[in-house]
Amino acid sequence: MKYSYYPGCSLKGQGRAYEESLLPVMRHLGIELEELPDWNCCGATAYMAVDEGKACVAASRNLAIAEKAGLQQVLAPCSACYLVLNKTQHLIHDYPQIKSAVDRAMTSVNLKYSTDIPVRHPLDVLISDVGVDAIKQKVTHPLKGLKVAPYYGCQIVRPYATFDDQFNPTSMDRILEALGATMVQFPLKTKCCGGSLTGTLPEAGLRLSYIILKEAIKRGADVIATVCPLCLFNLDSFHGKIAAKWESARIPTVYFTQLMGLAFGMTAKQMGLQRGLVPMKPLASAPACCAARTAAAAT
Amino acid sequence: MQSTKENIRIGFYVCHCGHNIAAMVDCADVAKYVKGLPNVVLSRDYKYMCSDPGQELIQKDIREYKLNRVVVASCSPLLHEHTFRSATAAGGLNPYYFHMVNIREHDSWVHTDRGEATVKAKALAHAAIDRVAFHKALETKTVKINPDALVVGGGIAGIHAAMTLANAGKKVYLVEREPSIGGHMAKFDKTFPTLDCAACILTPKMSEVGAHPNITLWSYSEVAQVDGYVGNYKVRVKRKPRYISEERCIGCMDCISACVFKEPKFEDEFNEGLGKRKPVYIPFPQATPQIVVIDPNVCLNFKRTKGPDGTPIVSDRCKKTCVEACGDKNAIDFTQKEEIKEIEVGTIIVATGFKTFDSKRVPAYGYGIYKNVYTALEIERLVNASGPTGGEVILREGKNPDGSPKHPKSIGIIHCVGSRDKKTNVWCSRVCCMYSMKLAHLLKEHTGAEVYNFYIDIRAPGKGYEEFYNKLLDEGVHFIRGRVGEVTDWAMTPEEEGKLVIRVEDTLAGYVRRIPVDMVVLSSGLEPQADAQDVRRLFNMSCGTEGFFLERHPKLAPVNTFTDGIFIAGACQGPRDIPDTVAQAGAAAAEALVLIDKGFVEQEPNTAFILDEECSGCKSCIPLCPYSAILYDETRKKAHINEALCKGCGTCVAACPSGSIVQNLFEDEQIFSEIQGVLAYD
């Protein structure tokens with residue numbers, strides 16, 4: 001299986017641990033990812049809010065490049081990219097004026113856009129194309145005893161619930177359970193992490209992050225697993241401010257792909273775990289060398 | 001073509017229908033135009049052709065002008081074809097020498113240009129004039145009606161329909177899938193808005209059904225096959241083995257007490273899984289028939305272990321204590337097999353009911369995740385005196401500090417679960433507002449708890465329903481307008497700890513609220529039965545897009561289906577409450593009685609027939625017939641159409657490669673002349 005990999009800005013920058021863990025994990029499962037050549041901004045966040053038409057043009061250029069490269073599917077690991085690319089397809093489909101703006105822009109750079117190319121999330125590919133059983137077979141270091149709070153964030157199931165339930169998604173739960181981890185019952189799965197409000201309106205944004213962290217600790221989780229670079233940033237970066245305002249709520253937040261890598265026997269360093277601000281405790285099941293490295297990474 | 005027909009004398013009438021047609025079509029001009037067409041003896045326009053003077057005009061003209069064809073241009077044939085055919089017959093002509101043109105629904109109602117609409121009316125009239133010349137005298141055929149009836153489904157709809165027919169002296173077969181009749185109503189505690197006990201009003205009717213000399217009650221049975229046509233249906237009924245002889249069981253229930261399982265251990269379907277039953281059981285105390293059932297999935301007699309020689313033998317854990325207890329009555333029969341009964345009936349009433357929406361499909365409301373989230377049907381059993389707790393409302397999860405069961409102090413009832421939602425079912429389930437309020441009243445009465453209703457709109461459009469709503473408001477039940485976002489156990493304040501928190505936008509107060517409660521009740525909507533599509537095919541009915549059975553006309557034929565002699569009643573046609581269900585069941589029974597008491601049914605002669613000399617016996621037509629009306633005659637090697645089954649759809653006529661099938665009223669020369677006529681106007 002071959003997919004066009006669209007990293008977006010996060011996976012090359014602040015969220016590089018996501019890329020560092022995603023690429024080897026996918027390769028390990030026999031999934032070939034070919035990075036989209038000359039990709040540009042997906043059009044997310046402020047762009048979409050300020051000028052929907054231009055955001056759609058930005059997003060559709062990426063899809064047009066993938067089409068031109070003859071790739072069948074686009075893999076968008078960042079939740080914001082995943083949402084914007086999907087939303088662009090819906091908008092182009094529903095609004096002729098947006099379609100004509102996109103068509104004009106694409107023609108001017110000798111590209112052509114049709115809405116057909118599916119935009120997929122790694123969770124979707126792993127659960128639907130690879131399957132839980134195939135993942136289970138690759139587990140060499142089961143995450144026994146690791147209690148995980150599965151946190152999906154808002155964007156991958158809302159508003160388009162294409163591969164999972166909108167209110168109670170379970171795809172990540174099933175994958176992490178296949179790795180041997182235990183899920184804590186976590187009703188805040190799709191609650192807002194604070195989004196960009198942590199920067200623009202911290203009193204509102206940080207409170208939302210705090211609620212998620214506090215609840216995960218209260219429910220006995222060792223770690224929060226997420227699929228979104230912005231969620232990870234918010235949950236990982238403001239512990240000092242949160243402790244000052246409310247109480248300490250320190251719990252590590254990691255990408256689900258990092259946990260997959262550990263279960264497949266890859267090292268903490270290879271999975272970029274050292275980039276987290278709140279360190280994850282070494283796993284009992286990890287080989288001695290890995291445990292040492294996790295610990296080293298943690299310090 | 002007209003030249004080939006001689007002595008054709010056509011009378012033409014164009015109806016104004018008040019302003020309905022005349023406002024958009026120049027009727028006088030149409031009449032003038034038709035007057036000039038071949039074979040037309042007279043052409044009139046008239047204000048209301050369907051009125052008595054209008055009909056008399058046709059009769060008088062037939063006699064005076066020796067007309068032998070009549071054409072009326074007016075409304076849809078669905079409305080008045082029968083009227084004008086009768087008028088034609090009363091004038092002394094064969095009614096099939098009449099033809100109707102629709103210039104209202106097809107013309108005046110749908111066009112905005114009077115000139116163009118008039119042209120269209122003329123063209124349509126021309127087509128009819130050309131066609132009617134080729135009409136032939138046809139005879140309606142009559143088919144005798146078997147007076148026996150079948151009622152499928154033993155809920156309140158089926159019970160009422162069966163009783164009505166039986167009391168009218170007709171023999172009725174009542175077939176019910178479950179071991180007892182009673183349906184959903186038997187599970188209810190009270191009924192709204194009168195709060196009379198559901199069992200008290202239902203069970204006398206159930207026993208009456210069980211004892212009625214005209215009713216053959218087959219519980220634990222399903223209809224397997226239906227053949228035939230109106231008046232003459234052949235039905236095969238599958239009787240599932242209950243491992244008890246219905247003739248010999250007296251309902252003493254000694255076998256239940258004697259069962260080797262001393263305590264009930266298995267999920268009790270009647271109590272929505274809240275209670276337990278034994279492998280040998282009776283669904284509920286007033287079950288009809290009062291005959292026990294053995295569940296082969298859990299009864300030890302059906303468990304096999306390996307014997308000494310390796311062959312499977314009955315587990316020695318089975319002591320057959322039930323057989324012993326039954327003694328001389330000898331009613332237990334482990335060898336009972338499924339049995340097929342064949343019956344012949346003239347009419348069928350389908351009253352197969354509904355199923356409730358599976359609340360797990362809305363995970364945000366926590367059913368199946370949080371134990372103290374209940375469905376409304378579970379609450380019906382919980383507040384019922386004969387329910388699993390004897391009517392005591394105790395929580396599934398949580399105990400008082402002294403270890404005693406905990407009663408809820410606050411309860412949230414969420415309306416419209418699965419209903420009025422694009423993601424699940426778009427329709428309003430009609431009964432949930434009222435049953436939610438009934439449960440609110442009962443729960444408050446039983447527990448004294450604070451009760452909150454979360455609603456989108458309160459829909460209380462029945463007799464005494466709005467008054468019931470007002471009564472609830474007076475009782476202090478809280479009503480919060482807003483669709484609930486989620487039910488969660490995520491506490492934000494100490495007061496919320498250990499509670500279920502309902503998050504909702506209160507759209508009257510204008511802010512988002514978090515309401516902590518001990519118990520959540522989900523008012524699940526109504527859905528078609530899971531096997532509604534199979535049942536639909538079995539009885540050759542149609543379903544609407546939502547999957548409920550489709551009535552022939554939503555207003556004027558609400559209990560008829562598109563298959564003659566098959567009627568529908570109750571919630572299988574759409575969500576409805578008990579009063580409406582009973583009214584509909586009565587109506588279905590009355591419609592069946594119309595056929596039965598008339599004794600015969602007239603059949604439209606627009607059926608197809610085979611020209612034997614042309615038929616090559618290729619059988620192409622046979623699988624195409626949607627009514628299974630075509631048979632293959634092996635001796636003559638020809639197809640044969642059963643006129644009683646043929647509905648005149650014309651599929652076979654179009655498909656026949658040798659053109660050897662002809663349909664009355666749609667013969668080639670009739671259709672071709674009609675096409676020429678419509679094209680003749682320039």
# chains A, B, ... in the order shown; residues from 1 in each chain; ligands from 1

call {"tool": "residues_around", "arguments": {"residues": "Leu23 (chain A)", "least_positions_apart": "6", "cutoff": "10 Å", "atoms": "only C-alpha atoms", "output": "MDAnalysis selection string"}}
result
chainID A and resid 5 31:33 257 261 271

call {"tool": "interface_residues", "arguments": {"of": "chain B", "to": "chain A", "cutoff": "10 Å", "atoms": "only C-alpha atoms", "output": "PDB file with C-alpha atoms, in the first residue's frame"}}
result
ATOM      1  CA  ARG B 361     -26.007   4.234  18.751  1.00  0.00           C
ATOM      2  CA  VAL B 362     -25.740   7.574  20.548  1.00  0.00           C
ATOM      3  CA  PRO B 363     -22.636   6.946  22.677  1.00  0.00           C
ATOM      4  CA  ALA B 364     -22.618  10.550  23.897  1.00  0.00           C
ATOM      5  CA  TYR B 365     -25.555   9.618  26.122  1.00  0.00           C
ATOM      6  CA  GLY B 366     -23.587   6.863  27.812  1.00  0.00           C
ATOM      7  CA  ILE B 369     -21.039   2.888  29.306  1.00  0.00           C
ATOM      8  CA  GLY B 485     -24.907  17.360  24.354  1.00  0.00           C
ATOM      9  CA  GLU B 486     -23.627  14.549  26.502  1.00  0.00           C
ATOM     10  CA  VAL B 487     -23.940  12.490  29.621  1.00  0.00           C
ATOM     11  CA  THR B 488     -20.614  12.120  31.399  1.00  0.00           C
ATOM     12  CA  ASP B 489     -19.138  11.133  34.733  1.00  0.00           C
ATOM     13  CA  TRP B 490     -16.552  13.904  34.442  1.00  0.00           C
ATOM     14  CA  ALA B 491     -17.026  16.031  37.539  1.00  0.00           C
ATOM     15  CA  MET B 492     -16.020  19.661  37.734  1.00  0.00           C
TER      16      MET B 492
END

call {"tool": "residues_around", "arguments": {"residues": "Lys47 (chain B)", "least_positions_apart": "4", "cutoff": "10 Å", "atoms": "only C-alpha atoms", "output": "VMD selection string"}}
result
chain B and resid 14 to 19 21 to 22 27 51 54

call {"tool": "atom_distance", "arguments": {"atom1": "CA of Tyr233 (chain B)", "atom2": "CA of Ile641 (chain B)"}}
result
17.4 Å

call {"tool": "atom_distance", "arguments": {"atom1": "CA of Ala532 (chain B)", "atom2": "CA of Gln225 (chain B)"}}
result
14.7 Å

call {"tool": "atom_distance", "arguments": {"atom1": "CA of Leu91 (chain A)", "atom2": "CA of Gly15 (chain A)"}}
result
27.8 Å

call {"tool": "residues_around", "arguments": {"residues": "Cys193 (chain A)", "least_positions_apart": "4", "cutoff": "9 Å", "atoms": "only C-alpha atoms", "output": "list in words"}}
result
Gly153, Cys154, Thr198, Gly205, Leu206, Arg207, Leu208, Ser209, Tyr210, Ile211, Ile212, Leu230, Cys231, Leu232, Asn234 and Leu235 of chain A

call {"tool": "residues_around", "arguments": {"residues": "Asp61 (chain B)", "least_positions_apart": "2", "cutoff": "12 Å", "atoms": "only C-alpha atoms", "output": "PDB file with N, CA and C atoms, in the first residue's frame"}}
result
ATOM      1  N   ARG B   9     -69.520   6.856 -32.378  1.00  0.00           N
ATOM      2  CA  ARG B   9     -70.197   8.111 -32.024  1.00  0.00           C
ATOM      3  C   ARG B   9     -69.730   8.533 -30.630  1.00  0.00           C
ATOM      4  N   ILE B  10     -68.852   9.549 -30.624  1.00  0.00           N
ATOM      5  CA  ILE B  10     -68.220   9.947 -29.360  1.00  0.00           C
ATOM      6  C   ILE B  10     -68.883  11.189 -28.787  1.00  0.00           C
ATOM      7  N   GLY B  11     -69.138  11.118 -27.475  1.00  0.00           N
ATOM      8  CA  GLY B  11     -69.567  12.317 -26.754  1.00  0.00           C
ATOM      9  C   GLY B  11     -68.385  12.809 -25.917  1.00  0.00           C
ATOM     10  N   PHE B  12     -68.062  14.114 -26.029  1.00  0.00           N
ATOM     11  CA  PHE B  12     -66.916  14.653 -25.289  1.00  0.00           C
ATOM     12  C   PHE B  12     -67.376  15.718 -24.302  1.00  0.00           C
ATOM     13  N   TYR B  13     -66.834  15.688 -23.093  1.00  0.00           N
ATOM     14  CA  TYR B  13     -67.209  16.648 -22.052  1.00  0.00           C
ATOM     15  C   TYR B  13     -65.949  17.204 -21.417  1.00  0.00           C
ATOM     16  N   VAL B  41     -69.614  13.302 -31.963  1.00  0.00           N
ATOM     17  CA  VAL B  41     -70.998  13.660 -32.252  1.00  0.00           C
ATOM     18  C   VAL B  41     -71.381  14.923 -31.494  1.00  0.00           C
ATOM     19  N   LEU B  42     -70.932  14.991 -30.244  1.00  0.00           N
ATOM     20  CA  LEU B  42     -71.202  16.216 -29.507  1.00  0.00           C
ATOM     21  C   LEU B  42     -70.039  16.520 -28.577  1.00  0.00           C
ATOM     22  N   SER B  43     -69.877  17.797 -28.261  1.00  0.00           N
ATOM     23  CA  SER B  43     -68.776  18.226 -27.402  1.00  0.00           C
ATOM     24  C   SER B  43     -69.279  19.367 -26.542  1.00  0.00           C
ATOM     25  N   ARG B  44     -69.169  19.168 -25.201  1.00  0.00           N
ATOM     26  CA  ARG B  44     -69.724  20.183 -24.288  1.00  0.00           C
ATOM     27  C   ARG B  44     -68.688  20.578 -23.242  1.00  0.00           C
ATOM     28  N   GLY B  54     -74.248  16.649 -13.942  1.00  0.00           N
ATOM     29  CA  GLY B  54     -73.190  16.331 -14.907  1.00  0.00           C
ATOM     30  C   GLY B  54     -73.284  14.890 -15.359  1.00  0.00           C
ATOM     31  N   GLN B  55     -73.471  13.992 -14.393  1.00  0.00           N
ATOM     32  CA  GLN B  55     -73.553  12.578 -14.737  1.00  0.00           C
ATOM     33  C   GLN B  55     -74.820  12.271 -15.534  1.00  0.00           C
ATOM     34  N   GLU B  56     -75.914  12.966 -15.130  1.00  0.00           N
ATOM     35  CA  GLU B  56     -77.171  12.745 -15.856  1.00  0.00           C
ATOM     36  C   GLU B  56     -77.070  13.223 -17.300  1.00  0.00           C
ATOM     37  N   LEU B  57     -76.272  14.268 -17.477  1.00  0.00           N
ATOM     38  CA  LEU B  57     -76.063  14.798 -18.826  1.00  0.00           C
ATOM     39  C   LEU B  57     -75.467  13.714 -19.739  1.00  0.00           C
ATOM     40  N   ILE B  58     -74.478  12.984 -19.198  1.00  0.00           N
ATOM     41  CA  ILE B  58     -73.852  11.911 -19.975  1.00  0.00           C
ATOM     42  C   ILE B  58     -74.896  10.851 -20.336  1.00  0.00           C
ATOM     43  N   GLN B  59     -75.685  10.442 -19.330  1.00  0.00           N
ATOM     44  CA  GLN B  59     -76.678   9.382 -19.558  1.00  0.00           C
ATOM     45  C   GLN B  59     -77.714   9.798 -20.613  1.00  0.00           C
ATOM     46  N   ARG B  63     -78.375   8.263 -24.654  1.00  0.00           N
ATOM     47  CA  ARG B  63     -79.652   7.807 -25.192  1.00  0.00           C
ATOM     48  C   ARG B  63     -80.084   8.667 -26.383  1.00  0.00           C
ATOM     49  N   GLU B  64     -80.034   9.987 -26.218  1.00  0.00           N
ATOM     50  CA  GLU B  64     -80.570  10.870 -27.257  1.00  0.00           C
ATOM     51  C   GLU B  64     -79.735  10.874 -28.528  1.00  0.00           C
ATOM     52  N   TYR B  65     -78.413  10.882 -28.349  1.00  0.00           N
ATOM     53  CA  TYR B  65     -77.534  10.998 -29.526  1.00  0.00           C
ATOM     54  C   TYR B  65     -76.955   9.664 -29.959  1.00  0.00           C
ATOM     55  N   LYS B  66     -77.441   8.580 -29.298  1.00  0.00           N
ATOM     56  CA  LYS B  66     -76.953   7.234 -29.619  1.00  0.00           C
ATOM     57  C   LYS B  66     -75.415   7.177 -29.578  1.00  0.00           C
ATOM     58  N   LEU B  67     -74.876   7.765 -28.525  1.00  0.00           N
ATOM     59  CA  LEU B  67     -73.425   7.733 -28.350  1.00  0.00           C
ATOM     60  C   LEU B  67     -72.984   6.301 -28.063  1.00  0.00           C
ATOM     61  N   ASN B  68     -71.810   5.915 -28.555  1.00  0.00           N
ATOM     62  CA  ASN B  68     -71.252   4.624 -28.152  1.00  0.00           C
ATOM     63  C   ASN B  68     -69.829   4.748 -27.581  1.00  0.00           C
ATOM     64  N   ARG B  69     -69.372   5.994 -27.408  1.00  0.00           N
ATOM     65  CA  ARG B  69     -68.102   6.234 -26.702  1.00  0.00           C
ATOM     66  C   ARG B  69     -68.268   7.519 -25.904  1.00  0.00           C
ATOM     67  N   VAL B  70     -67.631   7.584 -24.723  1.00  0.00           N
ATOM     68  CA  VAL B  70     -67.698   8.790 -23.901  1.00  0.00           C
ATOM     69  C   VAL B  70     -66.288   9.165 -23.443  1.00  0.00           C
ATOM     70  N   ALA B  87     -71.630   6.248 -14.690  1.00  0.00           N
ATOM     71  CA  ALA B  87     -72.589   7.058 -15.439  1.00  0.00           C
ATOM     72  C   ALA B  87     -72.751   6.498 -16.854  1.00  0.00           C
ATOM     73  N   THR B  88     -71.619   6.082 -17.443  1.00  0.00           N
ATOM     74  CA  THR B  88     -71.664   5.505 -18.790  1.00  0.00           C
ATOM     75  C   THR B  88     -72.501   4.224 -18.779  1.00  0.00           C
ATOM     76  N   ALA B  90     -74.799   3.464 -16.599  1.00  0.00           N
ATOM     77  CA  ALA B  90     -76.201   3.822 -16.342  1.00  0.00           C
ATOM     78  C   ALA B  90     -76.880   4.331 -17.616  1.00  0.00           C
ATOM     79  N   GLY B  91     -76.100   4.875 -18.524  1.00  0.00           N
ATOM     80  CA  GLY B  91     -76.652   5.318 -19.802  1.00  0.00           C
ATOM     81  C   GLY B  91     -76.860   4.166 -20.772  1.00  0.00           C
ATOM     82  N   GLY B  92     -76.435   2.960 -20.366  1.00  0.00           N
ATOM     83  CA  GLY B  92     -76.697   1.787 -21.203  1.00  0.00           C
ATOM     84  C   GLY B  92     -75.502   1.323 -22.017  1.00  0.00           C
ATOM     85  N   LEU B  93     -74.318   1.872 -21.746  1.00  0.00           N
ATOM     86  CA  LEU B  93     -73.117   1.451 -22.482  1.00  0.00           C
ATOM     87  C   LEU B  93     -72.230   0.593 -21.598  1.00  0.00           C
TER      88      LEU B  93
END

call {"tool": "select_by_dssp", "arguments": {"residues": "region 516-596 of chain B", "states": "alpha helix (DSSP H)", "output": "count of residues only"}}
result
26

call {"tool": "residues_around", "arguments": {"residues": "Ala123 (chain B)", "least_positions_apart": "2", "cutoff": "6 Å", "atoms": "only C-alpha atoms", "output": "list in words"}}
result
Lys120, Ala121, Ala125, His126, Val678 and Tyr681 of chain B

call {"tool": "write_last_selection", "arguments": {"atoms": "C-alpha atoms", "output": "PDB file, in the first residue's frame"}}
result
ATOM      1  CA  LYS B 120     -52.073  20.977 -23.935  1.00  0.00           C
ATOM      2  CA  ALA B 121     -55.685  20.248 -22.982  1.00  0.00           C
ATOM      3  CA  ALA B 125     -58.291  15.471 -25.614  1.00  0.00           C
ATOM      4  CA  HIS B 126     -57.349  14.669 -29.196  1.00  0.00           C
ATOM      5  CA  VAL B 678     -51.408  13.791 -28.987  1.00  0.00           C
ATOM      6  CA  TYR B 681     -52.264  19.023 -32.565  1.00  0.00           C
TER       7      TYR B 681
END

call {"tool": "residues_around", "arguments": {"residues": "Pro213 (chain B)", "least_positions_apart": "4", "cutoff": "9 Å", "atoms": "only C-alpha atoms", "output": "ChimeraX atom specification"}}
result
/B:166,171,209

call {"tool": "write_last_selection", "arguments": {"atoms": "N, CA and C atoms", "output": "mmCIF file, in the first residue's frame"}}
result
data_model
loop_
_atom_site.group_PDB
_atom_site.id
_atom_site.type_symbol
_atom_site.label_atom_id
_atom_site.label_comp_id
_atom_site.auth_asym_id
_atom_site.auth_seq_id
_atom_site.Cartn_x
_atom_site.Cartn_y
_atom_site.Cartn_z
ATOM 1 N N ALA B 166 -63.339 -11.417 15.101
ATOM 2 C CA ALA B 166 -63.926 -12.603 15.740
ATOM 3 C C ALA B 166 -65.317 -12.287 16.277
ATOM 4 N N LYS B 171 -63.793 -16.279 11.420
ATOM 5 C CA LYS B 171 -62.751 -17.131 11.988
ATOM 6 C C LYS B 171 -61.411 -16.440 11.767
ATOM 7 N N VAL B 209 -58.969 -13.070 23.916
ATOM 8 C CA VAL B 209 -58.413 -13.623 22.676
ATOM 9 C C VAL B 209 -58.130 -15.108 22.855
#

call {"tool": "closest_residue", "arguments": {"among": "B:Val132, B:Leu624, B:Val517, B:Ala224", "to": "Arg503 (chain B)", "atoms": "only C-alpha atoms"}}
result
B:Val517

call {"tool": "select_by_dssp", "arguments": {"residues": "region 205-283 of chain B", "states": "strand (DSSP E)", "output": "PDB file with C-alpha atoms, in the first residue's frame"}}
result
ATOM      1  CA  ILE B 215     -59.759 -17.198  17.291  1.00  0.00           C
ATOM      2  CA  THR B 216     -57.005 -19.716  16.677  1.00  0.00           C
ATOM      3  CA  LEU B 217     -54.047 -18.318  18.602  1.00  0.00           C
ATOM      4  CA  TRP B 218     -50.630 -19.459  17.489  1.00  0.00           C
ATOM      5  CA  SER B 221     -44.979 -18.817  15.508  1.00  0.00           C
ATOM      6  CA  GLU B 222     -44.098 -16.898  12.383  1.00  0.00           C
ATOM      7  CA  VAL B 223     -45.567 -16.563   8.926  1.00  0.00           C
ATOM      8  CA  ALA B 224     -43.175 -18.326   6.570  1.00  0.00           C
ATOM      9  CA  GLN B 225     -44.814 -17.994   3.179  1.00  0.00           C
ATOM     10  CA  VAL B 226     -47.773 -16.261   1.574  1.00  0.00           C
ATOM     11  CA  ASP B 227     -49.181 -17.238  -1.828  1.00  0.00           C
ATOM     12  CA  GLY B 228     -52.356 -16.391  -3.645  1.00  0.00           C
ATOM     13  CA  TYR B 229     -54.331 -13.211  -4.037  1.00  0.00           C
ATOM     14  CA  ASN B 232     -57.683 -16.582  -1.565  1.00  0.00           C
ATOM     15  CA  TYR B 233     -54.381 -16.463   0.284  1.00  0.00           C
ATOM     16  CA  LYS B 234     -52.511 -19.641   1.136  1.00  0.00           C
ATOM     17  CA  VAL B 235     -50.309 -19.082   4.157  1.00  0.00           C
ATOM     18  CA  ARG B 236     -47.668 -21.305   5.708  1.00  0.00           C
ATOM     19  CA  VAL B 237     -47.076 -20.653   9.403  1.00  0.00           C
ATOM     20  CA  LYS B 238     -43.954 -21.885  11.139  1.00  0.00           C
ATOM     21  CA  ARG B 239     -44.646 -23.018  14.695  1.00  0.00           C
ATOM     22  CA  PHE B 266     -30.735 -16.192  32.555  1.00  0.00           C
ATOM     23  CA  GLU B 267     -31.545 -12.810  31.094  1.00  0.00           C
ATOM     24  CA  LYS B 276     -33.575 -13.252  35.503  1.00  0.00           C
ATOM     25  CA  ARG B 277     -35.558 -16.277  34.462  1.00  0.00           C
ATOM     26  CA  VAL B 280     -38.218 -23.166  31.650  1.00  0.00           C
ATOM     27  CA  TYR B 281     -40.327 -20.078  32.085  1.00  0.00           C
TER      28      TYR B 281
END

call {"tool": "closest_residue", "arguments": {"among": "B:Asn102, B:Asn540, B:Ser523, B:Thr424", "to": "Glu81 (chain B)", "atoms": "only C-alpha atoms"}}
result
B:Asn102

call {"tool": "closest_residue", "arguments": {"among": "A:Lys136, A:Ala244, A:Pro282, A:His141", "to": "Phe264 (chain A)", "atoms": "only C-alpha atoms"}}
result
A:His141

call {"tool": "decode", "arguments": {"residues": "region 450-501 of chain B", "atoms": "C-alpha atoms", "output": "short mmCIF file (atom, residue, chain, number, x, y, z; two decimals), in the first residue's frame"}}
result
data_model
loop_
_atom_site.label_atom_id
_atom_site.label_comp_id
_atom_site.auth_asym_id
_atom_site.auth_seq_id
_atom_site.Cartn_x
_atom_site.Cartn_y
_atom_site.Cartn_z
CA GLU B 450 -36.11 15.85 41.42
CA VAL B 451 -36.94 15.02 37.83
CA TYR B 452 -35.63 16.96 34.84
CA ASN B 453 -36.99 16.59 31.31
CA PHE B 454 -34.69 17.69 28.50
CA TYR B 455 -36.75 18.34 25.39
CA ILE B 456 -36.56 19.95 21.97
CA ASP B 457 -40.28 20.68 21.76
CA ILE B 458 -43.06 19.23 23.85
CA ARG B 459 -45.37 17.46 21.42
CA ALA B 460 -48.62 16.79 23.22
CA PRO B 461 -51.27 16.81 20.50
CA GLY B 462 -53.79 14.29 21.82
CA LYS B 463 -56.93 14.37 23.90
CA GLY B 464 -55.95 15.32 27.43
CA TYR B 465 -52.25 15.41 26.54
CA GLU B 466 -51.59 19.13 26.97
CA GLU B 467 -53.51 18.95 30.24
CA PHE B 468 -51.18 16.17 31.35
CA TYR B 469 -48.17 18.37 30.54
CA ASN B 470 -49.65 21.15 32.67
CA LYS B 471 -50.27 18.69 35.49
CA LEU B 472 -46.58 17.71 35.40
CA LEU B 473 -45.56 21.36 35.57
CA ASP B 474 -47.77 21.75 38.64
CA GLU B 475 -46.19 18.68 40.20
CA GLY B 476 -42.83 20.43 40.03
CA VAL B 477 -41.18 18.34 37.33
CA HIS B 478 -38.46 20.46 35.69
CA PHE B 479 -38.52 21.05 31.95
CA ILE B 480 -35.34 22.25 30.27
CA ARG B 481 -35.54 23.09 26.58
CA GLY B 482 -32.42 21.95 24.82
CA ARG B 483 -30.94 18.97 23.09
CA VAL B 484 -28.54 17.27 25.49
CA GLY B 485 -24.91 17.36 24.35
CA GLU B 486 -23.63 14.55 26.50
CA VAL B 487 -23.94 12.49 29.62
CA THR B 488 -20.61 12.12 31.40
CA ASP B 489 -19.14 11.13 34.73
CA TRP B 490 -16.55 13.90 34.44
CA ALA B 491 -17.03 16.03 37.54
CA MET B 492 -16.02 19.66 37.73
CA THR B 493 -17.22 20.43 41.23
CA PRO B 494 -17.43 18.40 44.46
CA GLU B 495 -21.25 18.28 44.08
CA GLU B 496 -20.83 16.52 40.76
CA GLU B 497 -18.57 13.78 42.12
CA GLY B 498 -20.09 10.33 41.74
CA LYS B 499 -22.97 11.64 39.66
CA LEU B 500 -23.83 11.57 36.01
CA VAL B 501 -23.55 15.05 34.60
#
